[in-house]
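Asker: Take this structure, written in structure tokens, and hold onto it; I'll ask about it next.
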Amino acid sequence: MKLCKKTLALIIPLLLVLLTFLPVTTALAEEKDPVYDTIMKRGELIVGLSADYAPYEFHADVDGKDQVVGFDISIAQKIADDLGVDLKIEELGFDALLGALKTGKIDLIISGMAPTPERLQEVNFSHPYMTVKQKVVVRKDDKDKFQSTKDFDGVKVGVQKQTTQEELAKTELVGSVPTSLQKVPDIIMNLKNKKVDAAVLEGPVAEAYVERDNGLTFADVTFEQGEKDAAVAIPKNAPILEEKVNGSIQTINDNHLLDGYKKEAGKLMFTDDESFLGKYGKFYISGAGYTIFLAFMGVLFGAILGGLLALMKLSKSKILRGIAICYIEYVRGTPLLVQIFIVYFGTGVLGLDLSKIAAGCIALALNSGAYVAEIVRAGINAVNKGQLEAARSLGMNQPQAMRYIILPQAIKNILPALGNEFVTVIKESSVVSVIGVSELIFQAGNVQGASFKPFLPYLVVSLIYFVLTFTISRLLGVAERRMSTSD
Ligand code: ARG
């Protein structure tokens with residue numbers, strides 16, 4: 001009993017002291033805002049968005065320069081101006097935005113994003129800057145078929161992946177079969193090609209497409225939960241930033257600035273008198289540059305890694321062999337897409353701030369390394385066993401035999417296959433578009449969004465890939481023939 005009292009006598013004052021300091025410490029913690037501090041130090045606000053969403057955010061040619069424009073950009077610019085920093089736009093797929101915000105790759109999301117309960121668990125949202133109706137777009141000939149939300153039994157409905165539109169199709173279009181796609185222009189393309197028969201789109205986006213395409217129209221469908229807000233997504237640990245963003249939104253709402261922003265966006269949406277390639281050629285050229293760069297870096301570092309792995313796999317040490325085998329099997333057994341996300345977001349979690357292009361190169365190199373390892377190993381194994389025996393009987397040791405006899409012969413088997421690997425990586429690099437590296441596929445998406453043409457941009461991009469890979473294969477063929485004549 002005594003002991004109890006003694007300990008109580010000790011604990012109670014301690015608790016009291018703690019309790020008096022607790023509110024102070026939490027108040028202090030609340031005032032801390034690492035995100036805001038970084039923005040101010042950097043002098044730059046990084047806003048993430050998915051520029052497939054005219055008139056919110058899309059690519060347009062401004063004074064001969066490709067730019068991301070739209071009223072979301074005007075809002076972002078206003079916030080950056082109010083903070084007194086520069087604005088940097090970071091483009092990602094819509095479904096990658098929340099991850100990027102949570103891992104600190106971007107400071108804000110301004111991408112027509114609605115504050116939903118699920119998202120609110122991950123991030124905070126500003127006050128809304130607009131409220132819009134959700135619409136169903138169908139082909140003109142089908143307009144009579146769709147009179148209410150009950151008319152969608154078994155109908156394929158196109159929606160953007162991980163959006164509120166996807167949710168609406170699931171919950172309100174009874175019996176429909178939602179088809180979730182990465183980008184809004186993909187949805188339109190599917191609708192026009194009868195792969196889906198309806199699309200749920202955000203009001204302003206739907207209007208932009210219906211106005212531009214006289215094969216499309218609105219269905220007379222009204223949703224129960226059809227009014228959705230758009231707001232700015234903010235990291236959870238950023239109270240000061242949140243306050244500032246809300247301040248800017250307040251000014252925008254009070255002074256009806258959005259009307260002006262929308263008018264500007266509208267003007268940029270309707271400018272086409274030039275030819276398709278004249279207008280969008282620049283997108284493709286810069287895209288091709290990135291694609292070649294990615295593939296080159298991927299194969300270069302992939303070859304170094306692959307050579308190392310092959311030697312490890314052929315070595316006598318069980319551990320080295322084990323590591324190499326595990327690595328090769330793991331990489332070859334998992335999708336490149338996943339590897340790219342792991343490198344890009346994983347390094348963020350580890351506190352490494354990799355740029356998108358660096359992450360893309362590294363992911364491609366890590367991936368290609370596994371395949372090159374097999375190429376090198378096969379090349380070495382293909383050299384006649386007698387060669388090694390002959391070298392050894394001449395008194396060379398294993399490394400010497402490898403270096404002077406086996407490898408020079410193996411190179412002849414390896415180089416052509418390495419060339420093919422380059423061709424493969426050129427094509428595979430298209431996957432890097434998911435993290436927003438502006439290579440060919442990403443640019444094709446931009447052209448889609450800017451031109452409202454769903455099909456042509458991809459046709460053009462396929463031709464460019466073909467020209468690239470075909471030229472390289474031909475060059476490799478020539479090199480190969482040269483090498484075999486030198487035998
Ligand atoms: N408002 C919808 C949502 O919050 C879709 C927004 C899509 N935005 C975009 N830039 N693609 O889910």
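Note on naming: chains are A, B, ... as they come in the structure tokens, residues start from 1 per chain, ligands start from 1 in the order shown.
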Output as JSON lines one row per residue of chain A within 6 Å of ligand 1: the closest atom pair and its distance in Å to one decimal place, counting only C-alpha atoms and all ligand atoms, sorted by chain and residue number ascending.

Answerer:
```
{"residue": "A:Leu49", "atom": "CA", "partner": "ligand 1", "partner_atom_place_in_ligand_line": "10 (N)", "distance": 5.9}
{"residue": "A:Ser50", "atom": "CA", "partner": "ligand 1", "partner_atom_place_in_ligand_line": "10 (N)", "distance": 4.3}
{"residue": "A:Ala51", "atom": "CA", "partner": "ligand 1", "partner_atom_place_in_ligand_line": "10 (N)", "distance": 5.6}
{"residue": "A:Asp52", "atom": "CA", "partner": "ligand 1", "partner_atom_place_in_ligand_line": "11 (N)", "distance": 5.5}
{"residue": "A:Tyr53", "atom": "CA", "partner": "ligand 1", "partner_atom_place_in_ligand_line": "10 (N)", "distance": 4.8}
{"residue": "A:Phe94", "atom": "CA", "partner": "ligand 1", "partner_atom_place_in_ligand_line": "11 (N)", "distance": 5.4}
{"residue": "A:Ser111", "atom": "CA", "partner": "ligand 1", "partner_atom_place_in_ligand_line": "10 (N)", "distance": 4.3}
{"residue": "A:Gly112", "atom": "CA", "partner": "ligand 1", "partner_atom_place_in_ligand_line": "6 (C)", "distance": 4.7}
{"residue": "A:Met113", "atom": "CA", "partner": "ligand 1", "partner_atom_place_in_ligand_line": "4 (O)", "distance": 3.5}
{"residue": "A:Ala114", "atom": "CA", "partner": "ligand 1", "partner_atom_place_in_ligand_line": "4 (O)", "distance": 3.7}
{"residue": "A:Thr163", "atom": "CA", "partner": "ligand 1", "partner_atom_place_in_ligand_line": "12 (O)", "distance": 3.1}
{"residue": "A:Thr164", "atom": "CA", "partner": "ligand 1", "partner_atom_place_in_ligand_line": "12 (O)", "distance": 4.0}
```

Asker: Would you export the selected residues with C-alpha atoms as a compact mmCIF listing (two decimals), in the first residue's frame, please?

Answerer:
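part15.txt was written with the following content:
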```txt
# COMPACT_ATOMS: atom_id res chain seq x y z
CA LEU A 49 -1.81 17.27 -62.75
CA SER A 50 -2.95 15.07 -65.61
CA ALA A 51 -3.12 17.27 -68.71
CA ASP A 52 -5.72 15.22 -70.57
CA TYR A 53 -8.57 17.34 -69.38
CA PHE A 94 -4.42 10.97 -62.92
CA SER A 111 -6.38 18.49 -61.61
CA GLY A 112 -10.14 18.93 -61.35
CA MET A 113 -9.98 16.61 -58.38
CA ALA A 114 -13.02 16.13 -56.20
CA THR A 163 -12.09 9.07 -60.76
CA THR A 164 -15.46 10.00 -59.34
```

Asker: What's the 12 Å shell around Ala206 in chain A, counting only C-alpha atoms, without same-chain residues fewer than 4 positions away, as number ranges by chain?

Answerer: A: 53-56, 132-138, 159, 165, 184-185, 187-188, 198-202, 210-213, 216-219, 452

Asker: A:Ala358, A:Ile340, A:Val383, A:Leu394: which is nearest Pro408 in chain A, counting only C-alpha atoms?

Answerer: A:Val383

Asker: Once you count only C-alpha atoms, what closest atom pair and distance in Å to one decimal does each residue of range 32-140 of chain A within 10 Å of range 258-272 of chain A have, with rows by chain and rising residue number, as a Markdown table?

Answerer:
```
| residue | atom | partner | partner_atom | distance |
| --- | --- | --- | --- | --- |
| A:Ala54 | CA | A:Met269 | CA | 7.5 |
| A:Pro55 | CA | A:Ala265 | CA | 5.8 |
| A:Tyr56 | CA | A:Ala265 | CA | 7.7 |
| A:Glu57 | CA | A:Ala265 | CA | 8.5 |
| A:Phe58 | CA | A:Met269 | CA | 8.6 |
| A:His59 | CA | A:Met269 | CA | 9.1 |
| A:Ala60 | CA | A:Leu268 | CA | 6.7 |
| A:Asp61 | CA | A:Leu268 | CA | 8.1 |
| A:Val62 | CA | A:Leu268 | CA | 8.1 |
| A:Val69 | CA | A:Ala265 | CA | 6.9 |
| A:Gly70 | CA | A:Ala265 | CA | 4.7 |
| A:Phe71 | CA | A:Tyr261 | CA | 5.0 |
| A:Asp72 | CA | A:Tyr261 | CA | 8.3 |
| A:Ile73 | CA | A:Tyr261 | CA | 8.8 |
| A:Ser74 | CA | A:Tyr261 | CA | 6.2 |
| A:Ile75 | CA | A:Leu258 | CA | 8.0 |
| A:Tyr129 | CA | A:Leu258 | CA | 8.1 |
| A:Met130 | CA | A:Leu258 | CA | 8.5 |
```

Asker: Just give me the gap between CA of Ala238 in chain A and CA of Val68 in chain A in Å, one decimal is fine.

Answerer: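 Computing the Euclidean distance for CA of Ala238 in chain A and CA of Val68 in chain A yields 26.2 Å.
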
Asker: Please indicate the distance in Å from CA of Pro115 in chain A to CA of Ala231 in chain A, rounded to one decimal place.

Answerer: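 Going from CA of Pro115 in chain A over to CA of Ala231 in chain A, I get 6.6 Å.
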
Asker: Residues near Val177 in chain A, anyone? I mean within 9 Å using only C-alpha atoms, not counting same-chain ones fewer than 4 positions away, as a ChimeraX atom specification.

Answerer: /A:152-158,169-170,173

Asker: I'd like to know which of A:Ile441, A:Val47, A:Ala208, A:Ala378 is closest to Ile79 in chain A, using only C-alpha atoms.

Answerer: A:Val47

Asker: Using Å and a single decimal, report how far CA of Phe345 in chain A sits from CA of Phe296 in chain A.

Answerer: 22.9 Å

Asker: What's around Gly436 in chain A at 8 Å? Count only C-alpha atoms, leave out sequence neighbours fewer than 6 positions away in its own chain, and write the answer as a list in words.

Answerer: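 Listing them by chain and then by number gives Glu90, Glu91, Leu92, Gly93, Lys356 and Phe442 of chain A.
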
Asker: Go through A:Leu463, A:Val174, A:Val423, A:Gln409 and flag the residue nearest Ser484 in chain A, using only C-alpha atoms for the distances.

Answerer: A:Gln409

Asker: From a backbone DSSP assignment, name each residue in range 141-332 of chain A labelled strand (DSSP E or B), as a PyMOL selection string.

Answerer: chain A and resi 156-160+177-181+198-202+216-218+227-230+233-234

Asker: Might you pull out every residue within 10 Å of Gly247 in chain A, with only C-alpha atoms counted and same-chain residues fewer than 4 positions away left off, and present them as a list in words?

Answerer: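 The neighbour list is Ile79, Asp82, Ser126, His127, Leu241, Glu242, Glu243, Thr251, Ile252 and Asn253 of chain A.
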
Asker: Considering only C-alpha atoms, return as an mmCIF file with C-alpha atoms, in the first residue's frame whatever protein or nucleic-acid residues lie within 8 Å of Ala288 in chain A, sequence-local ones (same chain, fewer than 2 positions apart) excluded.

Answerer:
```
data_model
loop_
_atom_site.group_PDB
_atom_site.id
_atom_site.type_symbol
_atom_site.label_atom_id
_atom_site.label_comp_id
_atom_site.auth_asym_id
_atom_site.auth_seq_id
_atom_site.Cartn_x
_atom_site.Cartn_y
_atom_site.Cartn_z
ATOM 1 C CA TYR A 284 6.619 14.164 -81.678
ATOM 2 C CA ILE A 285 10.153 15.368 -82.252
ATOM 3 C CA SER A 286 10.746 16.069 -78.590
ATOM 4 C CA TYR A 290 13.300 11.350 -75.033
ATOM 5 C CA THR A 291 12.504 7.856 -76.258
ATOM 6 C CA ILE A 292 15.917 7.439 -77.870
ATOM 7 C CA GLU A 439 8.588 10.381 -74.414
ATOM 8 C CA LEU A 440 6.646 9.431 -77.544
ATOM 9 C CA ILE A 464 7.656 6.922 -85.694
#
```

Asker: Name the residues of range 228-472 of chain A that fall into helix (DSSP H, G or I) according to DSSP on the backbone, using the chain letters and numbers of this document, as a PyMOL selection string.

Answerer: chain A and resi 239-254+257-269+276-314+318-332+336-349+356-381+385-393+398-435+440-451+456-472

Asker: For a quick check of understanding, using only C-alpha atoms, which of A:Glu329, A:Asp66, A:Glu480, A:Glu207 has the smallest distance to Val447 in chain A?

Answerer: A:Asp66

Asker: Out of A:Arg474, A:Gly84, A:Ala365, A:Phe422, which residue has the shortest atom-to-atom distance to Lys244 in chain A when counting only C-alpha atoms?

Answerer: A:Gly84

Asker: Report as a PyMOL selection string all protein, DNA and RNA residues lying within 8 Å of Ile405 in chain A, evaluated on only C-alpha atoms, omitting residues in the same chain fewer than 4 positions from it.

Answerer: chain A and resi 387-388+391+400-401+409
